[in-house]
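structure.pdb, holding PDB, C-alpha atoms, pLDDT in the B column:
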```pdb
ATOM      1  CA  MET J  13      17.293 -41.643 -32.549  1.00 47.00           C
ATOM      2  CA  SER J  14      15.972 -38.404 -34.009  1.00 47.00           C
ATOM      3  CA  THR J  15      15.009 -37.901 -37.606  1.00 55.00           C
ATOM      4  CA  VAL J  16      15.721 -34.718 -39.511  1.00 50.00           C
ATOM      5  CA  THR J  17      12.647 -33.394 -41.264  1.00 53.00           C
ATOM      6  CA  GLU J  18      11.873 -30.339 -43.341  1.00 61.00           C
ATOM      7  CA  THR J  19      10.690 -28.624 -40.161  1.00 52.00           C
ATOM      8  CA  THR J  20      13.821 -29.420 -38.137  1.00 53.00           C
ATOM      9  CA  PRO J  21      15.605 -26.132 -37.370  1.00 52.00           C
ATOM     10  CA  ILE J  22      18.917 -25.774 -39.142  1.00 79.00           C
ATOM     11  CA  GLU J  23      21.851 -25.106 -36.860  1.00 86.00           C
ATOM     12  CA  PRO J  24      22.786 -21.402 -36.930  1.00 90.00           C
ATOM     13  CA  HIS J  25      25.988 -20.607 -38.820  1.00 91.00           C
ATOM     14  CA  TRP J  26      27.739 -19.337 -35.661  1.00 93.00           C
ATOM     15  CA  ALA J  27      27.078 -22.607 -33.827  1.00 94.00           C
ATOM     16  CA  HIS J  28      27.995 -24.676 -36.870  1.00 93.00           C
ATOM     17  CA  SER J  29      31.288 -22.798 -37.141  1.00 96.00           C
ATOM     18  CA  GLU J  30      32.180 -23.484 -33.510  1.00 96.00           C
ATOM     19  CA  ARG J  31      31.281 -27.154 -33.843  1.00 95.00           C
ATOM     20  CA  LEU J  32      33.331 -27.558 -37.020  1.00 96.00           C
ATOM     21  CA  MET J  33      36.378 -25.931 -35.433  1.00 97.00           C
ATOM     22  CA  ARG J  34      36.156 -28.345 -32.499  1.00 97.00           C
ATOM     23  CA  HIS J  35      35.885 -31.204 -34.981  1.00 97.00           C
ATOM     24  CA  ALA J  36      38.950 -29.921 -36.838  1.00 97.00           C
ATOM     25  CA  PHE J  37      41.063 -30.254 -33.692  1.00 97.00           C
ATOM     26  CA  GLU J  38      39.524 -33.649 -32.919  1.00 97.00           C
ATOM     27  CA  GLN J  39      40.285 -34.925 -36.412  1.00 96.00           C
ATOM     28  CA  LEU J  40      43.849 -33.671 -36.214  1.00 96.00           C
ATOM     29  CA  ALA J  41      44.278 -35.380 -32.830  1.00 96.00           C
ATOM     30  CA  ILE J  42      43.432 -38.739 -34.399  1.00 96.00           C
ATOM     31  CA  GLY J  43      45.694 -38.068 -37.390  1.00 95.00           C
ATOM     32  CA  ASP J  44      43.111 -37.253 -40.065  1.00 96.00           C
ATOM     33  CA  ARG J  45      44.825 -34.268 -41.671  1.00 94.00           C
ATOM     34  CA  ILE J  46      42.399 -34.112 -44.593  1.00 95.00           C
ATOM     35  CA  GLN J  47      39.279 -33.901 -42.447  1.00 96.00           C
ATOM     36  CA  ALA J  48      40.953 -31.488 -40.026  1.00 96.00           C
ATOM     37  CA  SER J  49      41.745 -29.196 -42.951  1.00 95.00           C
ATOM     38  CA  GLU J  50      38.237 -29.254 -44.365  1.00 96.00           C
ATOM     39  CA  LYS J  51      36.556 -28.811 -40.988  1.00 97.00           C
ATOM     40  CA  ALA J  52      38.651 -25.677 -40.349  1.00 97.00           C
ATOM     41  CA  TRP J  53      37.658 -24.310 -43.756  1.00 97.00           C
ATOM     42  CA  GLY J  54      34.026 -25.109 -42.970  1.00 96.00           C
ATOM     43  CA  ALA J  55      34.290 -23.211 -39.688  1.00 97.00           C
ATOM     44  CA  MET J  56      35.550 -20.167 -41.583  1.00 97.00           C
ATOM     45  CA  ALA J  57      32.872 -20.479 -44.261  1.00 96.00           C
ATOM     46  CA  HIS J  58      30.070 -20.674 -41.707  1.00 95.00           C
ATOM     47  CA  THR J  59      31.383 -17.675 -39.784  1.00 97.00           C
ATOM     48  CA  LEU J  60      31.438 -15.690 -43.023  1.00 97.00           C
ATOM     49  CA  LYS J  61      27.947 -16.923 -43.908  1.00 95.00           C
ATOM     50  CA  ALA J  62      26.673 -15.697 -40.533  1.00 95.00           C
ATOM     51  CA  ILE J  63      28.249 -12.294 -41.125  1.00 96.00           C
ATOM     52  CA  ALA J  64      26.930 -12.145 -44.687  1.00 96.00           C
ATOM     53  CA  ASP J  65      23.406 -13.009 -43.547  1.00 94.00           C
ATOM     54  CA  GLU J  66      23.354 -10.263 -40.922  1.00 94.00           C
ATOM     55  CA  ARG J  67      24.800  -7.724 -43.343  1.00 95.00           C
ATOM     56  CA  LYS J  68      22.377  -8.762 -46.088  1.00 95.00           C
ATOM     57  CA  MET J  69      25.248  -9.800 -48.365  1.00 95.00           C
ATOM     58  CA  ALA J  70      25.309 -12.630 -50.873  1.00 92.00           C
ATOM     59  CA  TYR J  71      27.461 -15.612 -50.015  1.00 91.00           C
ATOM     60  CA  GLU J  72      26.333 -18.491 -52.146  1.00 88.00           C
ATOM     61  CA  ARG J  73      29.595 -19.223 -53.952  1.00 90.00           C
ATOM     62  CA  HIS J  74      33.134 -19.672 -52.680  1.00 87.00           C
ATOM     63  CA  THR J  75      34.248 -16.635 -54.671  1.00 88.00           C
ATOM     64  CA  GLN J  76      31.985 -14.398 -52.580  1.00 94.00           C
ATOM     65  CA  ALA J  77      33.834 -15.215 -49.365  1.00 96.00           C
ATOM     66  CA  TRP J  78      36.446 -12.528 -50.030  1.00 95.00           C
ATOM     67  CA  ASP J  79      33.608 -10.011 -50.490  1.00 96.00           C
ATOM     68  CA  VAL J  80      32.482 -10.730 -46.939  1.00 97.00           C
ATOM     69  CA  VAL J  81      36.038 -10.535 -45.590  1.00 97.00           C
ATOM     70  CA  ASN J  82      36.541  -7.198 -47.359  1.00 96.00           C
ATOM     71  CA  ALA J  83      33.259  -5.880 -45.927  1.00 96.00           C
ATOM     72  CA  VAL J  84      34.489  -6.730 -42.427  1.00 97.00           C
ATOM     73  CA  LEU J  85      37.855  -5.114 -43.155  1.00 97.00           C
ATOM     74  CA  GLU J  86      36.158  -1.828 -44.100  1.00 95.00           C
ATOM     75  CA  GLY J  87      35.437  -1.307 -40.411  1.00 92.00           C
ATOM     76  CA  VAL J  88      38.888  -2.325 -39.138  1.00 96.00           C
ATOM     77  CA  ALA J  89      41.259   0.588 -38.643  1.00 94.00           C
ATOM     78  CA  ASP J  90      44.152  -1.314 -37.048  1.00 96.00           C
ATOM     79  CA  PRO J  91      46.490  -2.513 -39.826  1.00 97.00           C
ATOM     80  CA  THR J  92      47.737  -5.426 -37.728  1.00 97.00           C
ATOM     81  CA  ARG J  93      44.200  -6.723 -37.190  1.00 96.00           C
ATOM     82  CA  ARG J  94      43.456  -6.238 -40.888  1.00 97.00           C
ATOM     83  CA  GLN J  95      46.492  -8.314 -41.819  1.00 97.00           C
ATOM     84  CA  LEU J  96      45.644 -11.020 -39.287  1.00 97.00           C
ATOM     85  CA  ILE J  97      42.133 -11.341 -40.707  1.00 98.00           C
ATOM     86  CA  ARG J  98      43.358 -11.404 -44.311  1.00 97.00           C
ATOM     87  CA  GLY J  99      46.107 -13.884 -43.517  1.00 97.00           C
ATOM     88  CA  GLY J 100      43.859 -16.119 -41.452  1.00 97.00           C
ATOM     89  CA  PHE J 101      41.245 -16.242 -44.181  1.00 97.00           C
ATOM     90  CA  ALA J 102      43.897 -17.049 -46.792  1.00 96.00           C
ATOM     91  CA  MET J 103      45.160 -19.819 -44.523  1.00 95.00           C
ATOM     92  CA  ALA J 104      41.648 -21.279 -44.235  1.00 96.00           C
ATOM     93  CA  GLU J 105      41.375 -21.245 -48.034  1.00 95.00           C
ATOM     94  CA  ASN J 106      44.710 -23.046 -48.195  1.00 94.00           C
ATOM     95  CA  LEU J 107      43.375 -25.657 -45.788  1.00 95.00           C
ATOM     96  CA  HIS J 108      40.420 -26.152 -48.136  1.00 94.00           C
ATOM     97  CA  ARG J 109      42.915 -26.889 -50.930  1.00 92.00           C
ATOM     98  CA  ASN J 110      44.706 -29.307 -48.618  1.00 89.00           C
ATOM     99  CA  PHE J 111      41.514 -31.366 -48.455  1.00 90.00           C
ATOM    100  CA  TYR J 112      42.198 -32.271 -52.083  1.00 90.00           C
ATOM    101  CA  GLU J 113      45.992 -32.342 -52.061  1.00 90.00           C
ATOM    102  CA  ASP J 114      46.970 -33.619 -48.576  1.00 89.00           C
ATOM    103  CA  VAL J 115      50.361 -31.918 -48.537  1.00 91.00           C
ATOM    104  CA  HIS J 116      50.236 -30.286 -45.079  1.00 89.00           C
ATOM    105  CA  ARG J 117      52.069 -32.210 -42.382  1.00 90.00           C
ATOM    106  CA  ARG J 118      50.821 -32.525 -38.806  1.00 89.00           C
ATOM    107  CA  GLU J 119      53.172 -29.918 -37.358  1.00 89.00           C
ATOM    108  CA  ARG J 120      52.072 -27.371 -39.936  1.00 92.00           C
ATOM    109  CA  LEU J 121      48.388 -28.117 -39.362  1.00 95.00           C
ATOM    110  CA  ASP J 122      48.723 -27.603 -35.595  1.00 94.00           C
ATOM    111  CA  ASN J 123      49.797 -24.024 -36.255  1.00 95.00           C
ATOM    112  CA  GLU J 124      47.308 -23.429 -39.067  1.00 96.00           C
ATOM    113  CA  LEU J 125      44.291 -24.573 -37.067  1.00 97.00           C
ATOM    114  CA  GLU J 126      45.330 -22.308 -34.202  1.00 97.00           C
ATOM    115  CA  GLN J 127      45.672 -19.392 -36.609  1.00 96.00           C
ATOM    116  CA  VAL J 128      42.266 -20.034 -38.168  1.00 97.00           C
ATOM    117  CA  GLN J 129      40.707 -20.270 -34.708  1.00 98.00           C
ATOM    118  CA  GLY J 130      42.264 -16.902 -33.832  1.00 97.00           C
ATOM    119  CA  THR J 131      40.939 -15.390 -37.040  1.00 98.00           C
ATOM    120  CA  LEU J 132      37.442 -16.644 -36.244  1.00 98.00           C
ATOM    121  CA  ALA J 133      37.676 -14.866 -32.889  1.00 98.00           C
ATOM    122  CA  LEU J 134      38.774 -11.656 -34.632  1.00 97.00           C
ATOM    123  CA  LEU J 135      35.908 -11.909 -37.111  1.00 97.00           C
ATOM    124  CA  HIS J 136      33.446 -12.386 -34.234  1.00 96.00           C
ATOM    125  CA  ALA J 137      34.862  -9.368 -32.404  1.00 96.00           C
ATOM    126  CA  GLU J 138      34.803  -7.144 -35.475  1.00 96.00           C
ATOM    127  CA  HIS J 139      31.272  -8.219 -36.315  1.00 95.00           C
ATOM    128  CA  ASP J 140      30.170  -7.439 -32.753  1.00 95.00           C
ATOM    129  CA  LEU J 141      31.650  -3.938 -33.166  1.00 94.00           C
ATOM    130  CA  TRP J 142      29.767  -3.567 -36.463  1.00 94.00           C
ATOM    131  CA  ARG J 143      26.523  -4.530 -34.692  1.00 93.00           C
ATOM    132  CA  ALA J 144      27.207  -2.026 -31.908  1.00 94.00           C
ATOM    133  CA  ARG J 145      27.830   0.799 -34.411  1.00 92.00           C
ATOM    134  CA  ARG J 146      24.493   0.039 -36.047  1.00 89.00           C
ATOM    135  CA  ALA J 147      22.545   0.033 -32.755  1.00 86.00           C
TER     136      ALA J 147
END
```
Conversion result in structure tokens:
Amino acid sequence: MSTVTETTPIEPHWAHSERLMRHAFEQLAIGDRIQASEKAWGAMAHTLKAIADERKMAYERHTQAWDVVNAVLEGVADPTRRQLIRGGFAMAENLHRNFYEDVHRRERLDNELEQVQGTLALLHAEHDLWRARRA
């Protein structure tokens, strides 16, 4: 059994995001809608934190998440991709609310988790393009 200490490396945001998204699907599979919802939100938050860190942006409060999304959208010319990113982020925020309200049914969550996962992939791709433009 390992012990976490002050010198234990913290998992990078990208890795944490991927792990949380896997956990979201696992939680949904066992019927825990609340945890599935919050894990999906956490995956989104950690992806945005990774982007914010690399872009030297502040993301310390929930309200700053949209600032990061908007920064990503500045580099996205395709209106369909822009809408998918906006909609996917809004869905993740809605899942965060579901953690407190538990109003989303299983069938709805199946679709929402898939959409959030797709949005995470789009955010990764757009951030990779941003990195390439800066190189």
How would you write, as a PyMOL selection string, the residues chosen by the PyMOL selection byres ((chain J and resi 95-104) around 7) on this structure?
chain J and resi 52-53+56+91-94+105-108+124+127-128+131+134
Write out as JSON, numbers by chain the residues lying within 9 Å of Leu121 (chain J), counting all atoms listed in the file and excluding same-chain residues fewer than 5 positions away.
{"J": [40, 45, 48, 49, 107, 116, 126]}
Evaluating the PyMOL selection byres ((chain J and resi 62) around 12) on the displayed file yields which residues, as a PyMOL selection string?
chain J and resi 23-30+55-61+63-72+77+80-81+132+135-136+139-140
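Computed from the coordinates, the CA of Phe37 (chain J) to CA of Leu125 (chain J) distance equals 7.4 Å.
Proximity ranking of J:Gly87, J:Lys51, J:Asp122, J:Arg117 relative to Arg145 (chain J) places J:Gly87 first, based on all atoms listed in the file.
What separates CA of Gln39 (chain J) from CA of Gln76 (chain J) is a distance of 27.4 Å.
Separating CA of Tyr112 (chain J) from CA of Arg31 (chain J) is a distance of 21.9 Å.
Closest approach to Trp142 (chain J) among J:Ile46, J:Arg73, J:Arg34, J:Glu86: J:Glu86, based on only C-alpha atoms.
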Enclose the full set of atoms of region 40-59 of chain J listed in the file within a box whose edges lie along x, y and z, apply 6 Å of padding to each of the six sides, and report centre and edge lengths in Å to one decimal as JSON.
```
{"center_x": 37.9, "center_y": -28.2, "center_z": -38.7, "size_x": 27.6, "size_y": 33.1, "size_z": 23.8}
```
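Counting only C-alpha atoms, the residue from J:Val84, J:Ala89, J:Val115, J:Ala36 that sits nearest to Ala137 (chain J) is J:Val84.
Residue nearest Asp44 (chain J), chosen from J:Arg146, J:Asp114, J:Leu141, J:Ala133 and counting all atoms listed in the file: J:Asp114.
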